[in-house]
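For reference, the structure discussed in these notes is given below.
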Amino acid sequence: MGGAVSAGEDNDELIDNLKEAQYIRSELVEQAFRAIDRADYYLEEFKDNAYKDLAWKHGNIHLSAPCIYSEVMEALDLQPGLSFLNLGSGTGYLSSMVGLILGPFGVNHGVELHSDVIEYAKQKLDFFIKTSDSFDKFEFCEPSFVTGNCLEISPDCTQYDRVYCGAGVQKEHEDYMKNLLKVGGILVMPLEEKLTKITRTGPSAWETKKILAVSFAPLVQPNHADSGKSRLVHLPPVAVRSLQDLARIAIRGTIKKIIHQEALSRAGGGLKDPPRFKRRRLRRRRMETIVFLDKEVFASRLSSPSDDNNNSEEMEEERREEEETKPSELKPDPPINFLREKVLSLPLPDPLKYYLLYYREK
């Protein structure tokens, strides 16, 4: 699946392309996609493909195409404080983006069939928390992953506000998936070759909307050949945050408000968007002659002396522009983590500062 938008040179350009193609339509979803670099969830030797709108699979590790994830995120209609269940959570890329929107008082659970993928997801989550500046720009709902078959979830599990299944759901499992939802909840899943959004409007009432045609590998059916018994999947309990953790969240929130007010004062009452680096302007030549020869097409441009002069002037202008912009493009100012700077400047014991920063390395 994928290939709906052009590849990007980096994560931001990929998001720009998804926005232009209307796959990303809301500010919350855009912020989450920009905050987490898709390439961080690839193995090193495959990162050249990270910004293409294509699915990626290596062994048990799998990432859906960016256009699919963006449609899923938009369809889920995520809000802070909701509970989310990701069936087939894989690398944790989607769960981490969702966690940025849910905030500190949400619930973020994932079920993954393969234990090696769970370990991979935990490594990527740890890397994001310890090294990404985006972590300090949000209050994060950290995902919790459990190993098991998502068709064997314990019947006494809690219901969720939002559920996503990342594998093709057979028609006979549709009701099973629906029962994981609270009333008012939203379920997004591939059902009969269509990405489908189901809203639970009452105890026995549902609204169904087909979003787009998709092709997903089907859910793996439970295998009871070894013991003949079902291996029930027990989801993590909904934990109550400690008073100490609530204090950390409140202090970080207060510091962020102070930083925001200071930035407003410096900007004279309004925050300006950070400048985006200028991309190289491509010179497009008009094709004046098209020749058809043995089922092949050749396009050529008929030049004239005046054209040659114009081309020389254009090339000289582009050369000057490149020289002017080259220093800033090669050496952009490093991003400043204002929250970290503010916390480290507080008259507090170092252990408390590190606690407020979640013991982050960067």
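Residues are named by chain letter and number: chains run A, B, ... in the order of the structure tokens, numbers start at 1 in each chain, and ligands are numbered from 1 in the order shown.
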Non-local contacts of range 250-258 of chain A (10 Å; only C-alpha atoms; under 6 positions in same chain excluded) as a VMD selection string: chain A and resid 136 to 139 244 264 338 to 340 342 to 343 356 to 357
Using only C-alpha atoms, find each residue of range 16-128 of chain A with at least one atom at most 12 Å away from an atom of range 198-210 of chain A; report its shortest atom-to-atom pair and that distance in Å (one decimal), sort the rows by chain and rising residue number, and return the result as CSV.
```
residue,atom,partner,partner_atom,distance
A:Glu71,CA,A:Lys210,CA,11.6
A:Val72,CA,A:Lys210,CA,11.9
A:Ala75,CA,A:Ile198,CA,9.6
A:Leu76,CA,A:Thr199,CA,9.6
A:Asp77,CA,A:Thr199,CA,10.8
```
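Ranking A:Leu87, A:Leu78, A:Leu243, A:Leu232 by their shortest atom-to-atom distance to Pro190 in chain A, with only C-alpha atoms included, puts A:Leu87 first.
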DSSP alpha helix (DSSP H) residues within range 92-205 of chain A, listed as a ChimeraX atom specification: /A:93-102,115-131,174-178
Give me a file of those residues, with N, CA and C atoms, as a compact mmCIF listing (two decimals), in the first residue's frame.
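Output file result32.txt follows:
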```
# COMPACT_ATOMS: atom_id res chain seq x y z
N TYR A 93 5.33 3.05 16.22
CA TYR A 93 5.33 4.36 15.56
C TYR A 93 3.96 5.04 15.69
N LEU A 94 2.90 4.34 15.33
CA LEU A 94 1.56 4.93 15.43
C LEU A 94 1.19 5.18 16.89
N SER A 95 1.48 4.23 17.77
CA SER A 95 1.13 4.39 19.18
C SER A 95 1.82 5.61 19.79
N SER A 96 3.06 5.88 19.38
CA SER A 96 3.78 7.03 19.91
C SER A 96 3.17 8.34 19.41
N MET A 97 2.79 8.39 18.15
CA MET A 97 2.13 9.59 17.64
C MET A 97 0.80 9.82 18.35
N VAL A 98 0.05 8.74 18.54
CA VAL A 98 -1.21 8.86 19.27
C VAL A 98 -0.96 9.37 20.69
N GLY A 99 0.10 8.88 21.34
CA GLY A 99 0.41 9.28 22.71
C GLY A 99 0.68 10.77 22.86
N LEU A 100 1.20 11.40 21.80
CA LEU A 100 1.44 12.85 21.84
C LEU A 100 0.13 13.62 21.91
N ILE A 101 -0.93 13.07 21.34
CA ILE A 101 -2.24 13.74 21.35
C ILE A 101 -3.02 13.41 22.62
N LEU A 102 -2.94 12.18 23.09
CA LEU A 102 -3.71 11.76 24.27
C LEU A 102 -3.28 12.51 25.53
N SER A 115 7.00 -11.37 19.81
CA SER A 115 7.76 -10.84 20.94
C SER A 115 8.98 -10.05 20.49
N ASP A 116 9.59 -10.43 19.35
CA ASP A 116 10.76 -9.68 18.87
C ASP A 116 10.36 -8.27 18.42
N VAL A 117 9.16 -8.13 17.90
CA VAL A 117 8.68 -6.80 17.50
C VAL A 117 8.38 -5.95 18.74
N ILE A 118 7.87 -6.58 19.79
CA ILE A 118 7.65 -5.86 21.05
C ILE A 118 8.97 -5.28 21.56
N GLU A 119 10.03 -6.07 21.53
CA GLU A 119 11.34 -5.58 21.97
C GLU A 119 11.82 -4.43 21.10
N TYR A 120 11.61 -4.55 19.80
CA TYR A 120 12.00 -3.48 18.87
C TYR A 120 11.23 -2.20 19.20
N ALA A 121 9.92 -2.34 19.45
CA ALA A 121 9.08 -1.17 19.77
C ALA A 121 9.54 -0.52 21.07
N LYS A 122 9.91 -1.30 22.06
CA LYS A 122 10.36 -0.74 23.33
C LYS A 122 11.68 0.01 23.15
N GLN A 123 12.57 -0.51 22.31
CA GLN A 123 13.82 0.19 22.03
C GLN A 123 13.57 1.53 21.37
N LYS A 124 12.66 1.55 20.40
CA LYS A 124 12.35 2.79 19.70
C LYS A 124 11.67 3.79 20.62
N LEU A 125 10.80 3.32 21.48
CA LEU A 125 10.14 4.20 22.44
C LEU A 125 11.16 4.80 23.40
N ASP A 126 12.08 4.00 23.89
CA ASP A 126 13.11 4.48 24.80
C ASP A 126 13.99 5.52 24.12
N PHE A 127 14.33 5.28 22.85
CA PHE A 127 15.14 6.23 22.08
C PHE A 127 14.40 7.56 21.94
N PHE A 128 13.10 7.51 21.65
CA PHE A 128 12.32 8.74 21.49
C PHE A 128 12.28 9.52 22.80
N ILE A 129 12.00 8.85 23.91
CA ILE A 129 11.87 9.54 25.19
C ILE A 129 13.20 10.17 25.60
N LYS A 130 14.31 9.48 25.37
CA LYS A 130 15.60 9.95 25.86
C LYS A 130 16.25 10.99 24.97
N THR A 131 15.93 11.01 23.68
CA THR A 131 16.71 11.84 22.76
C THR A 131 15.92 12.87 21.97
N GLU A 174 -15.91 -9.14 13.08
CA GLU A 174 -16.34 -7.75 13.16
C GLU A 174 -16.98 -7.44 14.52
N ASP A 175 -17.90 -8.30 14.98
CA ASP A 175 -18.57 -8.05 16.25
C ASP A 175 -17.60 -8.11 17.42
N TYR A 176 -16.64 -9.00 17.34
CA TYR A 176 -15.61 -9.08 18.39
C TYR A 176 -14.90 -7.73 18.52
N MET A 177 -14.53 -7.13 17.40
CA MET A 177 -13.85 -5.84 17.42
C MET A 177 -14.76 -4.75 17.96
N LYS A 178 -16.01 -4.75 17.56
CA LYS A 178 -16.95 -3.73 18.01
C LYS A 178 -17.11 -3.74 19.52
```
Test item: residues at most 10 Å from Gly103 in chain A, only C-alpha atoms, excluding those fewer than 6 positions along its chain, as a PyMOL selection string: chain A and resi 79-82+138-142
Selection file, all heavy atoms, as an mmCIF file, in the first residue's frame:
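What ended up in result-v8.cif:
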```cif
data_model
loop_
_atom_site.group_PDB
_atom_site.id
_atom_site.type_symbol
_atom_site.label_atom_id
_atom_site.label_comp_id
_atom_site.auth_asym_id
_atom_site.auth_seq_id
_atom_site.Cartn_x
_atom_site.Cartn_y
_atom_site.Cartn_z
ATOM 1 N N GLN A 79 -8.446 12.885 20.912
ATOM 2 C CA GLN A 79 -8.521 14.025 21.819
ATOM 3 C C GLN A 79 -7.762 13.687 23.092
ATOM 4 O O GLN A 79 -7.639 12.512 23.461
ATOM 5 C CB GLN A 79 -9.985 14.345 22.169
ATOM 6 C CG GLN A 79 -10.888 14.609 20.981
ATOM 7 C CD GLN A 79 -10.513 15.865 20.210
ATOM 8 O OE1 GLN A 79 -9.981 16.813 20.811
ATOM 9 N NE2 GLN A 79 -10.760 15.881 18.915
ATOM 10 N N PRO A 80 -7.247 14.707 23.796
ATOM 11 C CA PRO A 80 -6.549 14.442 25.054
ATOM 12 C C PRO A 80 -7.446 13.706 26.053
ATOM 13 O O PRO A 80 -8.645 13.979 26.163
ATOM 14 C CB PRO A 80 -6.197 15.849 25.558
ATOM 15 C CG PRO A 80 -6.142 16.692 24.319
ATOM 16 C CD PRO A 80 -7.196 16.140 23.415
ATOM 17 N N GLY A 81 -6.830 12.765 26.778
ATOM 18 C CA GLY A 81 -7.522 12.068 27.837
ATOM 19 C C GLY A 81 -8.265 10.813 27.434
ATOM 20 O O GLY A 81 -8.792 10.106 28.293
ATOM 21 N N LEU A 82 -8.291 10.485 26.134
ATOM 22 C CA LEU A 82 -9.004 9.291 25.686
ATOM 23 C C LEU A 82 -8.165 8.036 25.922
ATOM 24 O O LEU A 82 -6.962 8.103 26.155
ATOM 25 C CB LEU A 82 -9.337 9.399 24.193
ATOM 26 C CG LEU A 82 -10.305 10.507 23.766
ATOM 27 C CD1 LEU A 82 -10.527 10.456 22.262
ATOM 28 C CD2 LEU A 82 -11.626 10.405 24.510
ATOM 29 N N PHE A 138 5.458 18.231 24.196
ATOM 30 C CA PHE A 138 4.153 17.632 24.457
ATOM 31 C C PHE A 138 4.160 17.043 25.861
ATOM 32 O O PHE A 138 5.204 16.878 26.475
ATOM 33 C CB PHE A 138 3.863 16.494 23.468
ATOM 34 C CG PHE A 138 3.784 16.917 22.030
ATOM 35 C CD1 PHE A 138 4.939 17.126 21.288
ATOM 36 C CD2 PHE A 138 2.558 17.099 21.400
ATOM 37 C CE1 PHE A 138 4.877 17.507 19.961
ATOM 38 C CE2 PHE A 138 2.488 17.476 20.085
ATOM 39 C CZ PHE A 138 3.647 17.684 19.344
ATOM 40 N N GLU A 139 2.969 16.749 26.378
ATOM 41 C CA GLU A 139 2.854 15.879 27.545
ATOM 42 C C GLU A 139 2.441 14.523 26.999
ATOM 43 O O GLU A 139 1.373 14.371 26.405
ATOM 44 C CB GLU A 139 1.837 16.425 28.544
ATOM 45 C CG GLU A 139 2.290 17.709 29.228
ATOM 46 C CD GLU A 139 3.582 17.554 30.018
ATOM 47 O OE1 GLU A 139 3.926 16.410 30.389
ATOM 48 O OE2 GLU A 139 4.257 18.573 30.265
ATOM 49 N N PHE A 140 3.261 13.522 27.203
ATOM 50 C CA PHE A 140 3.203 12.271 26.461
ATOM 51 C C PHE A 140 2.450 11.199 27.237
ATOM 52 O O PHE A 140 2.628 11.042 28.444
ATOM 53 C CB PHE A 140 4.644 11.811 26.192
ATOM 54 C CG PHE A 140 4.792 10.621 25.298
ATOM 55 C CD1 PHE A 140 4.108 10.530 24.093
ATOM 56 C CD2 PHE A 140 5.637 9.580 25.648
ATOM 57 C CE1 PHE A 140 4.267 9.441 23.262
ATOM 58 C CE2 PHE A 140 5.816 8.479 24.826
ATOM 59 C CZ PHE A 140 5.120 8.418 23.626
ATOM 60 N N CYS A 141 1.601 10.461 26.530
ATOM 61 C CA CYS A 141 0.965 9.268 27.081
ATOM 62 C C CYS A 141 1.765 8.065 26.581
ATOM 63 O O CYS A 141 1.610 7.636 25.435
ATOM 64 C CB CYS A 141 -0.498 9.168 26.644
ATOM 65 S SG CYS A 141 -1.358 7.742 27.305
ATOM 66 N N GLU A 142 2.649 7.569 27.433
ATOM 67 C CA GLU A 142 3.561 6.505 27.013
ATOM 68 C C GLU A 142 2.794 5.213 26.721
ATOM 69 O O GLU A 142 2.010 4.750 27.554
ATOM 70 C CB GLU A 142 4.595 6.261 28.104
ATOM 71 C CG GLU A 142 5.649 5.252 27.737
ATOM 72 C CD GLU A 142 6.743 5.150 28.779
ATOM 73 O OE1 GLU A 142 6.951 6.139 29.522
ATOM 74 O OE2 GLU A 142 7.386 4.085 28.869
#
```
Surrounding residues of range 54-65 of chain A excluding itself and chain neighbours under 5 positions, 10 Å, only C-alpha atoms, as a PyMOL selection string: chain A and resi 1-5+7+38+41-43+46+49+70+88-94+113-118+120-121+166+216
Members of range 33-182 of chain A assigned strand (DSSP E or B) by DSSP, as a count of residues only: 33
Best match for closeness to Glu112 in chain A among A:Glu152, A:Glu262, A:Glu74, A:Glu13, counting only C-alpha atoms: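 Of all the options, A:Glu152 lies closest to Glu112 in chain A.
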Residue among A:Pro66, A:Gly184, A:Pro236, A:Gly148 lying closest to Arg162 in chain A, counting only C-alpha atoms: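 Of A:Pro66, A:Gly184, A:Pro236, A:Gly148, the one nearest Arg162 in chain A, counting only C-alpha atoms, is A:Gly184.
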Arg25 in chain A surroundings by only C-alpha atoms, 10 Å radius, close-in-sequence under 4 positions cut, as a ChimeraX atom specification: /A:18-21,29-30,70-71,73-74
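CA of Cys165 in chain A is positioned 29.6 Å from CA of Glu9 in chain A.
Distance-wise, CA of Ser134 in chain A and CA of Tyr160 in chain A end up 26.5 Å apart.
Straight-line separation from CA of Leu212 in chain A to CA of Lys171 in chain A: 17.2 Å.
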